[in-house]
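Data file: run09.cif. Format and content: mmCIF, C-alpha atoms and all ligand atoms.
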data_final
loop_
_atom_site.label_atom_id
_atom_site.label_comp_id
_atom_site.auth_asym_id
_atom_site.auth_seq_id
_atom_site.Cartn_x
_atom_site.Cartn_y
_atom_site.Cartn_z
CA MET A 25 -136.79 -126.89 -41.70
CA LYS A 26 -139.03 -127.32 -44.71
CA LYS A 27 -139.92 -123.76 -45.62
CA LEU A 28 -142.76 -122.54 -47.72
CA SER A 29 -141.53 -120.53 -50.65
CA THR A 30 -141.63 -116.77 -50.01
CA PRO A 31 -145.31 -115.77 -50.25
CA VAL A 32 -146.10 -114.24 -53.62
CA PHE A 33 -146.55 -110.48 -53.59
CA LYS A 34 -150.18 -110.19 -54.63
CA ARG A 35 -152.29 -107.27 -55.83
CA GLN A 36 -153.94 -106.86 -52.40
CA ASP A 37 -150.46 -106.77 -50.84
CA ILE A 38 -149.50 -103.93 -53.15
CA GLN A 39 -152.59 -101.99 -52.03
CA TYR A 40 -151.87 -102.79 -48.38
CA PHE A 41 -148.30 -101.49 -48.57
CA GLU A 42 -149.37 -98.46 -50.63
CA GLN A 43 -151.72 -97.52 -47.79
CA LEU A 44 -149.04 -98.08 -45.17
CA ASN A 45 -146.70 -95.96 -47.26
CA GLN A 46 -149.24 -93.14 -47.25
CA THR A 47 -149.79 -93.47 -43.50
CA LEU A 48 -146.06 -93.23 -42.87
CA ILE A 49 -145.68 -90.25 -45.19
CA ASN A 50 -148.50 -88.51 -43.27
CA GLU A 51 -147.45 -89.55 -39.76
CA GLY A 52 -143.91 -90.86 -40.01
CA HIS A 53 -140.71 -89.25 -39.02
CA GLY A 54 -138.63 -89.92 -42.07
CA MET A 55 -136.73 -92.76 -40.46
CA PRO A 56 -136.81 -96.54 -40.78
CA ARG A 57 -139.54 -98.02 -38.59
CA LEU A 58 -140.65 -101.36 -37.31
CA LEU A 59 -144.39 -101.83 -37.75
CA VAL A 60 -146.65 -104.31 -36.00
CA ASP A 61 -150.05 -104.69 -37.61
CA LEU A 62 -152.52 -105.25 -34.75
CA ASP A 63 -155.25 -106.57 -37.06
CA ARG A 64 -152.90 -109.27 -38.30
CA LEU A 65 -151.68 -109.89 -34.76
CA ASP A 66 -155.33 -110.40 -33.70
CA HIS A 67 -155.72 -112.98 -36.43
CA ASN A 68 -152.64 -114.81 -35.11
CA LEU A 69 -153.87 -114.62 -31.53
CA ASN A 70 -157.14 -116.25 -32.61
CA GLN A 71 -155.19 -118.87 -34.49
CA LEU A 72 -153.16 -119.68 -31.40
CA LYS A 73 -156.25 -119.79 -29.17
CA GLN A 74 -158.13 -122.03 -31.56
CA HIS A 75 -158.30 -125.61 -30.18
CA TRP A 76 -156.09 -124.65 -27.23
CA PRO A 77 -155.91 -127.77 -25.05
CA GLU A 78 -157.72 -127.75 -21.73
CA GLY A 79 -155.51 -127.46 -18.64
CA ILE A 80 -152.36 -126.32 -20.45
CA ASP A 81 -150.85 -122.91 -19.79
CA PHE A 82 -149.43 -120.55 -22.39
CA ARG A 83 -146.11 -118.84 -21.66
CA LEU A 84 -145.03 -115.85 -23.76
CA VAL A 85 -141.41 -115.72 -25.00
CA VAL A 86 -140.29 -112.18 -24.13
CA LYS A 87 -137.24 -111.94 -26.39
CA SER A 88 -139.38 -112.49 -29.48
CA LEU A 89 -141.73 -109.57 -28.67
CA PRO A 90 -139.45 -107.19 -26.78
CA CYS A 91 -141.86 -104.34 -26.04
CA ILE A 92 -143.85 -103.88 -22.81
CA GLU A 93 -146.99 -102.50 -24.44
CA LEU A 94 -146.99 -105.20 -27.11
CA ILE A 95 -146.55 -107.84 -24.42
CA ARG A 96 -149.31 -106.23 -22.35
CA TYR A 97 -151.63 -106.34 -25.35
CA ILE A 98 -150.85 -109.98 -26.14
CA THR A 99 -151.05 -111.26 -22.56
CA SER A 100 -154.39 -109.54 -22.02
CA GLN A 101 -155.76 -111.23 -25.15
CA LEU A 102 -154.37 -114.61 -24.12
CA ASP A 103 -155.14 -114.21 -20.44
CA THR A 104 -151.69 -115.27 -19.27
CA SER A 105 -149.08 -113.81 -16.95
CA LYS A 106 -146.49 -116.48 -17.65
CA PHE A 107 -143.26 -115.46 -19.37
CA MET A 108 -140.06 -117.00 -20.61
CA ALA A 109 -137.10 -114.61 -20.34
CA PHE A 110 -133.65 -114.94 -21.88
CA HIS A 111 -131.91 -111.64 -21.16
CA LEU A 112 -131.13 -110.13 -17.77
CA PRO A 113 -132.28 -106.56 -18.57
CA PHE A 114 -135.54 -107.99 -19.98
CA LEU A 115 -136.03 -110.13 -16.88
CA CYS A 116 -135.66 -107.04 -14.68
CA GLN A 117 -138.14 -105.02 -16.75
CA ILE A 118 -140.72 -107.81 -16.94
CA SER A 119 -140.59 -108.58 -13.20
CA HIS A 120 -141.01 -104.86 -12.56
CA GLU A 121 -143.86 -104.25 -15.04
CA PHE A 122 -145.68 -107.53 -14.31
CA PRO A 123 -145.22 -108.07 -10.57
CA ASP A 124 -147.76 -110.93 -10.56
CA SER A 125 -146.04 -112.82 -13.36
CA ASP A 126 -144.47 -116.26 -13.34
CA ILE A 127 -141.11 -116.20 -15.16
CA LEU A 128 -139.16 -119.17 -16.44
CA ILE A 129 -135.62 -118.42 -17.56
CA GLY A 130 -135.12 -119.92 -21.02
CA LYS A 131 -131.36 -120.54 -20.94
CA PRO A 132 -128.93 -121.19 -18.08
CA PHE A 133 -127.61 -117.82 -16.85
CA PRO A 134 -124.03 -117.50 -15.64
CA ILE A 135 -124.07 -117.30 -11.83
CA ALA A 136 -122.75 -113.72 -12.09
CA ALA A 137 -125.97 -112.75 -13.91
CA VAL A 138 -128.03 -114.39 -11.16
CA GLU A 139 -126.12 -112.37 -8.54
CA HIS A 140 -126.62 -109.27 -10.63
CA PHE A 141 -130.36 -109.86 -10.70
CA TYR A 142 -130.61 -110.09 -6.92
CA ASN A 143 -128.46 -106.98 -6.46
CA HIS A 144 -130.84 -105.18 -8.80
CA MET A 145 -133.95 -106.56 -7.01
CA ALA A 146 -132.56 -105.41 -3.68
CA LEU A 147 -132.72 -101.84 -5.00
CA GLU A 148 -136.25 -102.22 -6.39
CA ALA A 149 -139.43 -101.76 -4.44
CA SER A 150 -141.47 -104.52 -6.09
CA SER A 151 -143.99 -107.09 -4.95
CA PHE A 152 -142.45 -109.66 -7.34
CA ASP A 153 -141.40 -112.61 -5.20
CA SER A 154 -138.44 -114.26 -6.90
CA GLU A 155 -138.54 -117.25 -4.57
CA THR A 156 -141.90 -118.41 -5.90
CA GLN A 157 -142.39 -116.49 -9.17
CA LEU A 158 -139.01 -116.97 -10.85
CA HIS A 159 -137.60 -120.29 -12.06
CA TRP A 160 -133.92 -120.45 -12.95
CA LEU A 161 -132.90 -122.86 -15.69
CA VAL A 162 -130.04 -125.21 -14.81
CA ASP A 163 -128.39 -127.57 -17.28
CA THR A 164 -125.63 -129.43 -15.39
CA PRO A 165 -124.81 -130.66 -11.86
CA GLN A 166 -121.87 -128.20 -11.82
CA ARG A 167 -124.12 -125.23 -12.45
CA LEU A 168 -126.55 -126.50 -9.85
CA THR A 169 -123.69 -126.48 -7.30
CA GLN A 170 -122.93 -122.85 -8.22
CA TYR A 171 -126.58 -121.91 -7.75
CA LEU A 172 -126.73 -123.78 -4.43
CA ASN A 173 -123.60 -121.99 -3.18
CA PHE A 174 -125.10 -118.68 -4.18
CA ALA A 175 -128.42 -119.47 -2.45
CA GLN A 176 -126.63 -120.39 0.77
CA LYS A 177 -124.30 -117.42 0.65
CA SER A 178 -127.03 -114.89 -0.11
CA GLY A 179 -129.76 -116.48 2.00
CA MET A 180 -131.98 -116.48 -1.09
CA PRO A 181 -133.80 -119.79 -1.82
CA LEU A 182 -133.98 -120.55 -5.57
CA SER A 183 -136.60 -122.29 -7.68
CA ILE A 184 -134.73 -124.57 -10.09
CA ASN A 185 -135.97 -125.78 -13.46
CA ILE A 186 -133.91 -128.44 -15.23
CA GLU A 187 -133.13 -128.17 -18.93
CA LEU A 188 -133.67 -131.43 -20.77
CA ASP A 189 -132.14 -132.49 -24.05
CA ILE A 190 -135.01 -134.10 -25.91
CA GLY A 191 -133.26 -134.17 -29.28
CA LEU A 192 -132.18 -130.62 -30.06
CA HIS A 193 -128.71 -131.28 -28.58
CA ARG A 194 -128.27 -127.70 -27.40
CA GLY A 195 -127.16 -128.89 -23.98
CA GLY A 196 -129.23 -129.89 -21.00
CA VAL A 197 -129.66 -133.19 -19.23
CA ASP A 198 -129.59 -136.15 -21.60
CA LYS A 199 -129.29 -139.06 -19.17
CA GLU A 200 -131.38 -140.25 -16.25
CA THR A 201 -128.16 -140.69 -14.21
CA THR A 202 -127.41 -136.96 -14.53
CA LEU A 203 -130.98 -136.11 -13.65
CA ASP A 204 -130.66 -138.33 -10.60
CA VAL A 205 -127.57 -136.43 -9.39
CA MET A 206 -129.34 -133.09 -9.79
CA LEU A 207 -132.64 -134.08 -8.22
CA THR A 208 -130.75 -135.67 -5.32
CA ALA A 209 -128.89 -132.40 -4.74
CA ILE A 210 -132.20 -130.52 -4.75
CA ARG A 211 -133.75 -133.06 -2.37
CA ASN A 212 -130.77 -132.75 -0.02
CA HIS A 213 -131.05 -128.95 0.23
CA PRO A 214 -134.76 -128.23 0.68
CA LYS A 215 -134.02 -124.99 2.48
CA TRP A 216 -132.22 -123.51 -0.53
CA LEU A 217 -133.44 -125.28 -3.66
CA LYS A 218 -136.93 -126.06 -4.86
CA PHE A 219 -137.60 -128.23 -7.89
CA SER A 220 -139.72 -126.23 -10.35
CA GLY A 221 -139.88 -128.76 -13.20
CA PHE A 222 -138.42 -129.27 -16.66
CA MET A 223 -137.89 -127.30 -19.84
CA GLY A 224 -137.41 -129.34 -23.02
CA TYR A 225 -137.16 -127.38 -26.26
CA ASP A 226 -137.81 -129.15 -29.55
CA ALA A 227 -136.89 -126.68 -32.31
CA HIS A 228 -135.17 -129.50 -34.22
CA VAL A 229 -138.54 -131.12 -34.98
CA GLY A 230 -139.36 -130.81 -38.68
CA LYS A 231 -135.85 -129.67 -39.61
CA LEU A 232 -134.69 -132.89 -41.28
CA PRO A 233 -135.67 -133.74 -44.85
CA GLY A 234 -138.79 -135.91 -44.80
CA TRP A 235 -137.01 -138.93 -46.31
CA LEU A 236 -134.64 -138.99 -43.32
CA GLU A 237 -137.20 -138.45 -40.59
CA SER A 238 -140.75 -137.11 -40.81
CA THR A 239 -141.93 -134.26 -38.61
CA SER A 240 -144.32 -136.57 -36.77
CA GLN A 241 -141.56 -139.13 -36.16
CA SER A 242 -139.14 -136.59 -34.69
CA TYR A 243 -141.94 -134.96 -32.66
CA GLN A 244 -142.96 -138.33 -31.23
CA ALA A 245 -139.31 -139.19 -30.45
CA SER A 246 -138.83 -135.90 -28.57
CA GLN A 247 -142.08 -136.38 -26.65
CA ASP A 248 -141.11 -139.96 -25.75
CA ARG A 249 -137.75 -138.71 -24.50
CA TYR A 250 -139.49 -136.02 -22.42
CA GLN A 251 -141.83 -138.63 -20.95
CA VAL A 252 -138.86 -140.78 -19.85
CA PHE A 253 -137.58 -137.91 -17.68
CA ILE A 254 -141.05 -137.14 -16.28
CA ASP A 255 -141.55 -140.83 -15.40
CA TYR A 256 -138.13 -140.99 -13.76
CA ALA A 257 -138.82 -137.95 -11.58
CA ARG A 258 -142.29 -139.23 -10.65
CA ARG A 259 -140.95 -142.67 -9.78
CA TYR A 260 -137.84 -141.80 -7.78
CA PHE A 261 -138.46 -138.22 -6.63
CA SER A 262 -142.20 -138.11 -6.05
CA ASP A 263 -141.54 -136.06 -2.90
CA LEU A 264 -140.33 -133.20 -5.17
CA ILE A 265 -143.32 -133.29 -7.50
CA THR A 266 -146.42 -131.20 -6.87
CA GLU A 267 -149.41 -130.30 -9.02
CA ASP A 268 -147.55 -127.06 -9.86
CA THR A 269 -144.50 -128.83 -11.29
CA LEU A 270 -143.84 -127.33 -14.73
CA TYR A 271 -143.29 -129.42 -17.81
CA ASN A 272 -142.47 -126.67 -20.28
CA GLY A 273 -142.05 -127.27 -23.98
CA ALA A 274 -142.72 -126.05 -27.51
CA GLY A 275 -141.82 -122.85 -29.25
CA SER A 276 -143.38 -121.38 -32.37
CA PRO A 277 -142.24 -124.10 -34.81
CA THR A 278 -143.96 -126.89 -32.85
CA ILE A 279 -146.72 -125.14 -30.92
CA GLU A 280 -149.41 -126.45 -33.28
CA LEU A 281 -148.20 -130.04 -32.73
CA HIS A 282 -148.30 -129.60 -28.95
CA LYS A 283 -151.85 -128.27 -29.20
CA GLN A 284 -152.88 -131.64 -30.65
CA ASN A 285 -151.04 -133.84 -28.17
CA THR A 286 -148.32 -133.15 -25.62
CA VAL A 287 -146.69 -134.45 -22.46
CA CYS A 288 -146.18 -130.83 -21.34
CA ASN A 289 -148.46 -128.70 -19.18
CA ASP A 290 -146.84 -125.38 -20.07
CA LEU A 291 -146.18 -124.28 -23.67
CA SER A 292 -144.19 -121.29 -24.79
CA ALA A 293 -144.10 -119.33 -28.02
CA GLY A 294 -143.63 -115.78 -29.23
CA SER A 295 -142.44 -115.35 -32.81
CA ALA A 296 -145.45 -116.98 -34.49
CA LEU A 297 -147.61 -114.10 -33.29
CA VAL A 298 -145.78 -111.68 -35.59
CA LYS A 299 -144.50 -114.37 -37.98
CA PRO A 300 -141.11 -113.23 -39.25
CA SER A 301 -140.06 -114.93 -42.50
CA HIS A 302 -138.04 -117.71 -40.84
CA PHE A 303 -141.38 -118.92 -39.53
CA ASP A 304 -142.88 -119.51 -42.97
CA LEU A 305 -143.37 -123.14 -42.05
CA PRO A 306 -146.13 -125.52 -43.12
CA LEU A 307 -147.26 -125.92 -39.48
CA LEU A 308 -147.68 -122.14 -39.18
CA SER A 309 -149.52 -121.64 -42.47
CA GLY A 310 -152.58 -120.32 -40.61
CA TYR A 311 -150.57 -117.40 -39.18
CA GLN A 312 -150.02 -114.12 -41.03
CA PRO A 313 -146.93 -111.94 -41.28
CA ALA A 314 -147.67 -109.11 -38.82
CA SER A 315 -144.41 -107.19 -38.59
CA PHE A 316 -142.67 -105.14 -41.24
CA ILE A 317 -139.78 -102.75 -41.62
CA ALA A 318 -140.54 -99.57 -43.54
CA SER A 319 -137.58 -97.61 -44.79
CA PRO A 320 -137.84 -94.25 -46.57
CA ILE A 321 -136.25 -93.96 -49.99
CA ILE A 322 -133.69 -91.18 -49.97
CA LYS A 323 -132.46 -91.40 -53.57
CA GLN A 324 -133.80 -92.86 -56.79
CA LEU A 325 -131.79 -93.32 -60.01
CA ASP A 326 -133.50 -94.45 -63.21
CA ARG A 327 -130.73 -96.96 -63.94
CA MET A 328 -128.14 -99.00 -62.15
CA LYS A 329 -124.67 -97.55 -62.26
CA LEU A 330 -122.04 -99.50 -60.38
CA PRO A 331 -118.68 -97.94 -59.52
CA ALA A 332 -117.12 -100.36 -62.03
CA PRO A 333 -116.78 -100.60 -65.84
CA ASP A 334 -120.17 -99.78 -67.36
CA TRP A 335 -120.54 -103.08 -69.19
CA ILE A 336 -120.97 -104.87 -65.84
CA SER A 337 -124.12 -102.87 -65.09
CA ARG A 338 -125.40 -103.50 -68.62
CA VAL A 339 -124.85 -107.26 -68.37
CA LEU A 340 -126.62 -107.42 -65.01
CA GLN A 341 -129.59 -105.46 -66.38
CA ARG A 342 -129.89 -108.03 -69.19
CA LEU A 343 -129.75 -110.89 -66.74
CA ASP A 344 -132.34 -109.49 -64.33
CA ARG A 345 -134.90 -106.76 -64.99
CA ARG A 346 -134.74 -105.88 -61.31
CA PHE A 347 -131.46 -104.09 -62.03
CA GLN A 348 -133.28 -101.49 -64.16
CA GLN A 349 -133.40 -98.78 -61.52
CA THR A 350 -131.76 -97.99 -58.19
CA PHE A 351 -132.94 -96.81 -54.81
CA PHE A 352 -130.95 -95.88 -51.76
CA VAL A 353 -132.91 -96.24 -48.54
CA TYR A 354 -132.45 -94.83 -45.05
CA GLY A 355 -130.70 -97.60 -43.06
CA GLY A 356 -130.38 -101.19 -44.14
CA ASP A 357 -128.46 -104.40 -43.66
CA TRP A 358 -131.18 -105.80 -41.42
CA LYS A 359 -131.92 -109.47 -40.97
CA ALA A 360 -134.89 -109.00 -43.27
CA ASP A 361 -136.28 -109.85 -46.71
CA LEU A 362 -137.63 -107.41 -49.26
CA ILE A 363 -141.36 -107.92 -49.67
CA ASP A 364 -141.90 -106.68 -53.22
CA HIS A 365 -140.49 -109.34 -55.54
CA ARG A 366 -139.79 -106.63 -58.14
CA LEU A 367 -137.04 -105.36 -55.86
CA ARG A 368 -133.74 -107.00 -54.97
CA LYS A 369 -130.50 -106.43 -53.10
CA ASN A 370 -127.34 -105.74 -55.06
CA PRO A 371 -124.77 -108.52 -54.59
CA LEU A 372 -121.90 -106.47 -56.06
CA TYR A 373 -122.46 -103.12 -54.37
CA GLY A 374 -122.80 -104.73 -50.97
CA SER A 375 -124.91 -103.90 -47.97
CA SER A 376 -124.93 -100.75 -45.88
CA ALA A 377 -126.50 -100.12 -42.49
CA ASN A 378 -126.44 -96.41 -43.30
CA GLN A 379 -127.95 -96.22 -46.81
CA GLU A 380 -128.59 -99.53 -48.48
CA ILE A 381 -128.80 -99.92 -52.23
CA ILE A 382 -131.92 -101.64 -53.56
CA ASN A 383 -132.52 -102.29 -57.23
CA GLY A 384 -135.85 -102.70 -58.91
CA SER A 385 -137.59 -103.19 -62.22
CA LYS A 386 -139.10 -100.22 -64.07
CA GLN A 387 -142.54 -101.39 -62.85
CA VAL A 388 -141.77 -100.09 -59.38
CA MET A 389 -143.15 -96.56 -59.25
CA LEU A 390 -141.55 -95.33 -56.04
CA THR A 391 -139.80 -92.00 -55.54
CA PRO A 392 -137.87 -90.38 -52.65
CA ASP A 393 -139.87 -90.22 -49.39
CA ASP A 394 -141.89 -93.31 -50.35
CA HIS A 395 -141.10 -96.39 -48.29
CA ILE A 396 -139.67 -99.77 -49.15
CA PHE A 397 -141.02 -102.62 -47.00
CA TRP A 398 -139.21 -105.61 -45.60
CA ARG A 399 -140.15 -108.61 -43.53
CA PRO A 400 -137.91 -109.32 -40.56
CA GLN A 401 -136.45 -112.83 -40.74
CA GLN A 402 -136.65 -113.05 -36.96
CA SER A 403 -138.12 -110.66 -34.41
CA GLU A 404 -135.80 -110.89 -31.43
CA ALA A 405 -132.89 -108.80 -32.71
CA VAL A 406 -134.65 -106.88 -35.47
CA PHE A 407 -137.40 -105.39 -33.26
CA LEU A 408 -134.76 -103.62 -31.17
CA GLN A 409 -133.14 -101.75 -34.06
CA PHE A 410 -135.68 -98.98 -34.70
CA GLY A 411 -136.61 -97.21 -31.50
CA ASP A 412 -140.36 -97.13 -30.87
CA ILE A 413 -142.49 -99.73 -32.60
CA TYR A 414 -145.33 -98.34 -34.69
CA ALA A 415 -148.50 -100.30 -33.88
CA ILE A 416 -150.84 -100.18 -36.87
CA ARG A 417 -154.61 -100.60 -36.73
CA ASN A 418 -156.70 -100.46 -39.90
CA LYS A 419 -153.55 -99.38 -41.76
CA GLN A 420 -153.26 -96.26 -39.60
CA LEU A 421 -150.75 -95.49 -36.87
CA ALA A 422 -152.49 -96.42 -33.60
CA HIS A 423 -149.64 -96.31 -31.03
CA ARG A 424 -145.94 -95.73 -30.66
CA TRP A 425 -144.57 -98.30 -28.25
CA GLN A 426 -141.15 -98.20 -26.63
CA VAL A 427 -139.05 -101.36 -26.98
CA LEU A 428 -137.37 -103.02 -24.03
CA ASP A 429 -134.11 -101.57 -22.85
CA GLN A 430 -131.11 -103.70 -23.81
CA ALA A 431 -128.68 -102.03 -21.50
CA PHE A 432 -128.40 -102.65 -17.77
C1 LIG W 501 -136.34 -122.59 -24.66
C2 LIG W 501 -137.15 -121.94 -25.73
N1 LIG W 501 -138.48 -122.07 -25.71
C3 LIG W 501 -139.24 -121.48 -26.63
C4 LIG W 501 -138.68 -120.72 -27.64
C5 LIG W 501 -139.61 -120.20 -28.68
O1 LIG W 501 -139.58 -118.88 -29.02
P1 LIG W 501 -140.35 -118.45 -30.36
O2 LIG W 501 -141.73 -118.95 -30.26
O3 LIG W 501 -140.26 -116.98 -30.36
O4 LIG W 501 -139.61 -119.08 -31.50
C6 LIG W 501 -137.30 -120.54 -27.70
C7 LIG W 501 -136.67 -119.74 -28.75
O5 LIG W 501 -135.49 -119.54 -28.83
C8 LIG W 501 -136.50 -121.19 -26.73
O6 LIG W 501 -135.16 -121.11 -26.76
#
Could I get this structure in the form of C-alpha cells?
Ligand SMILES: Cc1ncc(COP(=O)(O)O)c(C=O)c1O
Amino acid sequence: MKKLSTPVFKRQDIQYFEQLNQTLINEGHGMPRLLVDLDRLDHNLNQLKQHWPEGIDFRLVVKSLPCIELIRYITSQLDTSKFMAFHLPFLCQISHEFPDSDILIGKPFPIAAVEHFYNHMALEASSFDSETQLHWLVDTPQRLTQYLNFAQKSGMPLSINIELDIGLHRGGVDKETTLDVMLTAIRNHPKWLKFSGFMGYDAHVGKLPGWLESTSQSYQASQDRYQVFIDYARRYFSDLITEDTLYNGAGSPTIELHKQNTVCNDLSAGSALVKPSHFDLPLLSGYQPASFIASPIIKQLDRMKLPAPDWISRVLQRLDRRFQQTFFVYGGDWKADLIDHRLRKNPLYGSSANQEIINGSKQVMLTPDDHIFWRPQQSEAVFLQFGDIYAIRNKQLAHRWQVLDQAF
C-alpha cells in the first residue's frame, strides 16, 4: 500500500509527549503502558461519521480495539451494536457484555471452535440469541457441510454468511458455481441453515503501485465482483434474500471509499479509529494517531558502548548522530515505531522484550523514569501486551480499562 512517510515529529508533538510523560510520572506505575487518547479518538469518530451514507450500518471490528470499555465508548458514539469478531474468547465476551448485539464472524472458524462456543453458551445465562444475532462465516461447500452436520446433531440452527473473494485472494467463494452449491445446500435445509448474506473484504485495494493499477480501478473491480455475487443470489435464490440480508464489506483501508459509493449495506472498520502506523495511508489522512506505547527509561548512558571492539561504536556515532547516547527501557520488541525521530533502534545490539536498547542524539534530554513513546504498527496484537489500557483525556489519565481476555 502506498504509505505516507512517517509523520514528522513537530514542536507541538514534543510538548504533547512531554505532558504525557509528566502525567505518567505522576500517575503511572513504572511499567510500559498502552495509551489511548480519547480527544484524538473523538476526532477520528467525527471523521468516520462525516458524510456517512444513509441506510448503511457500521460494524465495529473487535480484534482491533480489544477492550470492553473502549468498545462501549466507541459504539455509544457511533450508535451501533454491530460487531465483527475473529477470536472465540472475544466472541464469548462480546456476546456476554452486549447481549443485544449483532455479531458477524470475520473468518471461518474450525467446527471445533463453533462447538466450543455453544458449549460455553450453554453454561451462560444470557439473553443473546445466537440463532438470530450471530452469523458464522463459511468459505467452502465442505465447511458448510460440517456446519450443517453440527446444526443437525446439536439441534442448533445456524445463520450462515458466505465469504466472497472479491480480489484479495485470501480464500472464500470465487465462482458463481461454488456459490450455487452453497446456496442450494442452505435452501435445502431451511430448518438448520439460514442465509445471512455475504462478507467480501477488500484490503488489497490500493496496495499495488499506481502504474500497475490505480486505487480507484482496483476498488471498482472489487465492487463489480461483489455485485456479480449479489446479482446471482437475487436472481436464482430470491427466496433466501430478505431486507435484512447483509452485504458486508470494507475495513479501515477502504472505509472512506465505501462512504462515497458502495454495493454493501454493512461496513466494518476498527483500526482507523486509533490509527496505528500501518494505517498511515493517503485515504486515512484525516485520521489522527490515537494510541501510543509509553515505556519508562530504566538506564541512560551518555554514549553508545557496544559489547564489541570500541571502534565499531565510534564509526556508528560518526555515521548517525542518533548513536550519541543510549537508553534502556522497560520492555520492548513491540510491533511499534519510535515516535521521536531523534531516537532509533540499535541494529547490532538487537531487540529485547525485557529491556530494549534505544539510542538517541545528544538533543534528547531524557533521564531514567522519563518515558519513551512509540506508535503501535497495528492495534490487534499490541493492545493486548500491556494489561490495562490508559485512556487519556486532556493529556491526563482519565480511566484504566481492562483489555479482553485472550484465554478461554
Ligand atoms: C473481514 C475483515 N473485515 C474488516 C477488517 C478491518 O479491520 P480494521 O478496520 O481494524 O483494519 C478486517 C481486518 O482484518 C477483516 O479481516
Problem set entry | Contacts of Asp226 (chain A) at 8 Å (all atoms listed in the file; same-chain gap of 2+ positions) as a PyMOL selection string | chain A and resi 190-192+224+228-229+243+246+273-275+278
Proximity of chain A to ligand LIG 501 (chain W): per-residue shortest pair, 7 Å limit, all atoms listed in the file, as a tab-separated table:
residue	atom	partner	partner_atom	distance
A:Val85	CA	W:LIG501	O1	5.4
A:Ser88	CA	W:LIG501	O3	4.7
A:Gly130	CA	W:LIG501	C1	4.7
A:Lys131	CA	W:LIG501	C1	6.5
A:Met223	CA	W:LIG501	C1	6.9
A:Tyr225	CA	W:LIG501	C1	5.1
A:Gly273	CA	W:LIG501	N1	6.5
A:Ala274	CA	W:LIG501	C3	5.8
A:Gly275	CA	W:LIG501	C5	3.5
A:Ser276	CA	W:LIG501	O2	3.6
A:Pro277	CA	W:LIG501	O4	6.6
A:Ser292	CA	W:LIG501	C3	5.3
A:Ala293	CA	W:LIG501	O2	3.3
A:Gly294	CA	W:LIG501	O3	3.8
A:Ser295	CA	W:LIG501	O3	3.7
A:Ala296	CA	W:LIG501	O2	6.0
Based on the selection just made, write C-alpha atoms of those residues as a PDB file, in the coordinates of the input.
ATOM      1  CA  VAL A  85    -141.410-115.720 -25.000  1.00  0.00           C
ATOM      2  CA  SER A  88    -139.380-112.490 -29.480  1.00  0.00           C
ATOM      3  CA  GLY A 130    -135.120-119.920 -21.020  1.00  0.00           C
ATOM      4  CA  LYS A 131    -131.360-120.540 -20.940  1.00  0.00           C
ATOM      5  CA  MET A 223    -137.890-127.300 -19.840  1.00  0.00           C
ATOM      6  CA  TYR A 225    -137.160-127.380 -26.260  1.00  0.00           C
ATOM      7  CA  GLY A 273    -142.050-127.270 -23.980  1.00  0.00           C
ATOM      8  CA  ALA A 274    -142.720-126.050 -27.510  1.00  0.00           C
ATOM      9  CA  GLY A 275    -141.820-122.850 -29.250  1.00  0.00           C
ATOM     10  CA  SER A 276    -143.380-121.380 -32.370  1.00  0.00           C
ATOM     11  CA  PRO A 277    -142.240-124.100 -34.810  1.00  0.00           C
ATOM     12  CA  SER A 292    -144.190-121.290 -24.790  1.00  0.00           C
ATOM     13  CA  ALA A 293    -144.100-119.330 -28.020  1.00  0.00           C
ATOM     14  CA  GLY A 294    -143.630-115.780 -29.230  1.00  0.00           C
ATOM     15  CA  SER A 295    -142.440-115.350 -32.810  1.00  0.00           C
ATOM     16  CA  ALA A 296    -145.450-116.980 -34.490  1.00  0.00           C
TER      17      ALA A 296
END
Exercise. Neighbours of Arg327 (chain A) within 12 Å (all atoms listed in the file; same-chain residues fewer than 5 positions away dropped), as a list in words?
Worked result: Asp334, Ser337, Arg338, Leu340, Gln341, Arg345, Arg346, Phe347, Gln348, Gln349, Thr350, Phe351, Ile382, Asn383, Gly384, Ser385 and Lys386 of chain A
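Counting all atoms listed in the file, the residue from A:Ser119, A:Thr164, A:Thr208, A:Gln74 that sits nearest to Gly195 (chain A) is A:Thr164.
With only C-alpha atoms as the atoms that count, the residue of A:Ala149, A:Leu65, A:Ala109, A:Leu217 with the shortest distance to Pro123 (chain A) is A:Ala149.
Checking A:His395, A:His140, A:His120, A:Arg83 one by one against Ile321 (chain A), counting all atoms listed in the file, you find the shortest gap at A:His395.
For the atom pair formed by CA of Ile186 (chain A) and CA of Phe114 (chain A), the distance is 21.1 Å, given to one decimal.
Distance check against Phe110 (chain A) using all atoms listed in the file: of A:Lys419, A:His144, A:His159, A:Lys359, the minimum falls on A:His159.
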Exercise. Contacts of Leu362 (chain A) at 7 Å or less, counting all atoms listed in the file, minus same-chain residues fewer than 2 places along, as a VMD selection string?
Worked result: chain A and resid 360 364 367 to 368 397 to 399
Exercise. So which residues touch Pro134 (chain A) within 12 Å, counting only C-alpha atoms, skipping near sequence neighbours fewer than 6 positions away, as an MDAnalysis selection string?
Worked result: chainID A and resid 110:112 140:141 160:163 166:168 170:171 174
Serialized selection, C-alpha atoms, as a short mmCIF file (atom, residue, chain, number, x, y, z; two decimals), in the coordinates of the input:
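Result file is part_1.cif:
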data_model
loop_
_atom_site.label_atom_id
_atom_site.label_comp_id
_atom_site.auth_asym_id
_atom_site.auth_seq_id
_atom_site.Cartn_x
_atom_site.Cartn_y
_atom_site.Cartn_z
CA PHE A 110 -133.65 -114.94 -21.88
CA HIS A 111 -131.91 -111.64 -21.16
CA LEU A 112 -131.13 -110.13 -17.77
CA HIS A 140 -126.62 -109.27 -10.63
CA PHE A 141 -130.36 -109.86 -10.70
CA TRP A 160 -133.92 -120.45 -12.95
CA LEU A 161 -132.90 -122.86 -15.69
CA VAL A 162 -130.04 -125.21 -14.81
CA ASP A 163 -128.39 -127.57 -17.28
CA GLN A 166 -121.87 -128.20 -11.82
CA ARG A 167 -124.12 -125.23 -12.45
CA LEU A 168 -126.55 -126.50 -9.85
CA GLN A 170 -122.93 -122.85 -8.22
CA TYR A 171 -126.58 -121.91 -7.75
CA PHE A 174 -125.10 -118.68 -4.18
#
Exercise. Taking (-149.0, -120.6, -34.8) in the file's coordinates, which residues come within 6 Å, counting only C-alpha atoms, written as a ChimeraX atom specification?
Worked result: /A:72,296,308,311
Emit the selected residues as a PDB file, in the frame of the given file, including C-alpha atoms.
ATOM      1  CA  LEU A  72    -153.160-119.680 -31.400  1.00  0.00           C
ATOM      2  CA  ALA A 296    -145.450-116.980 -34.490  1.00  0.00           C
ATOM      3  CA  LEU A 308    -147.680-122.140 -39.180  1.00  0.00           C
ATOM      4  CA  TYR A 311    -150.570-117.400 -39.180  1.00  0.00           C
TER       5      TYR A 311
END
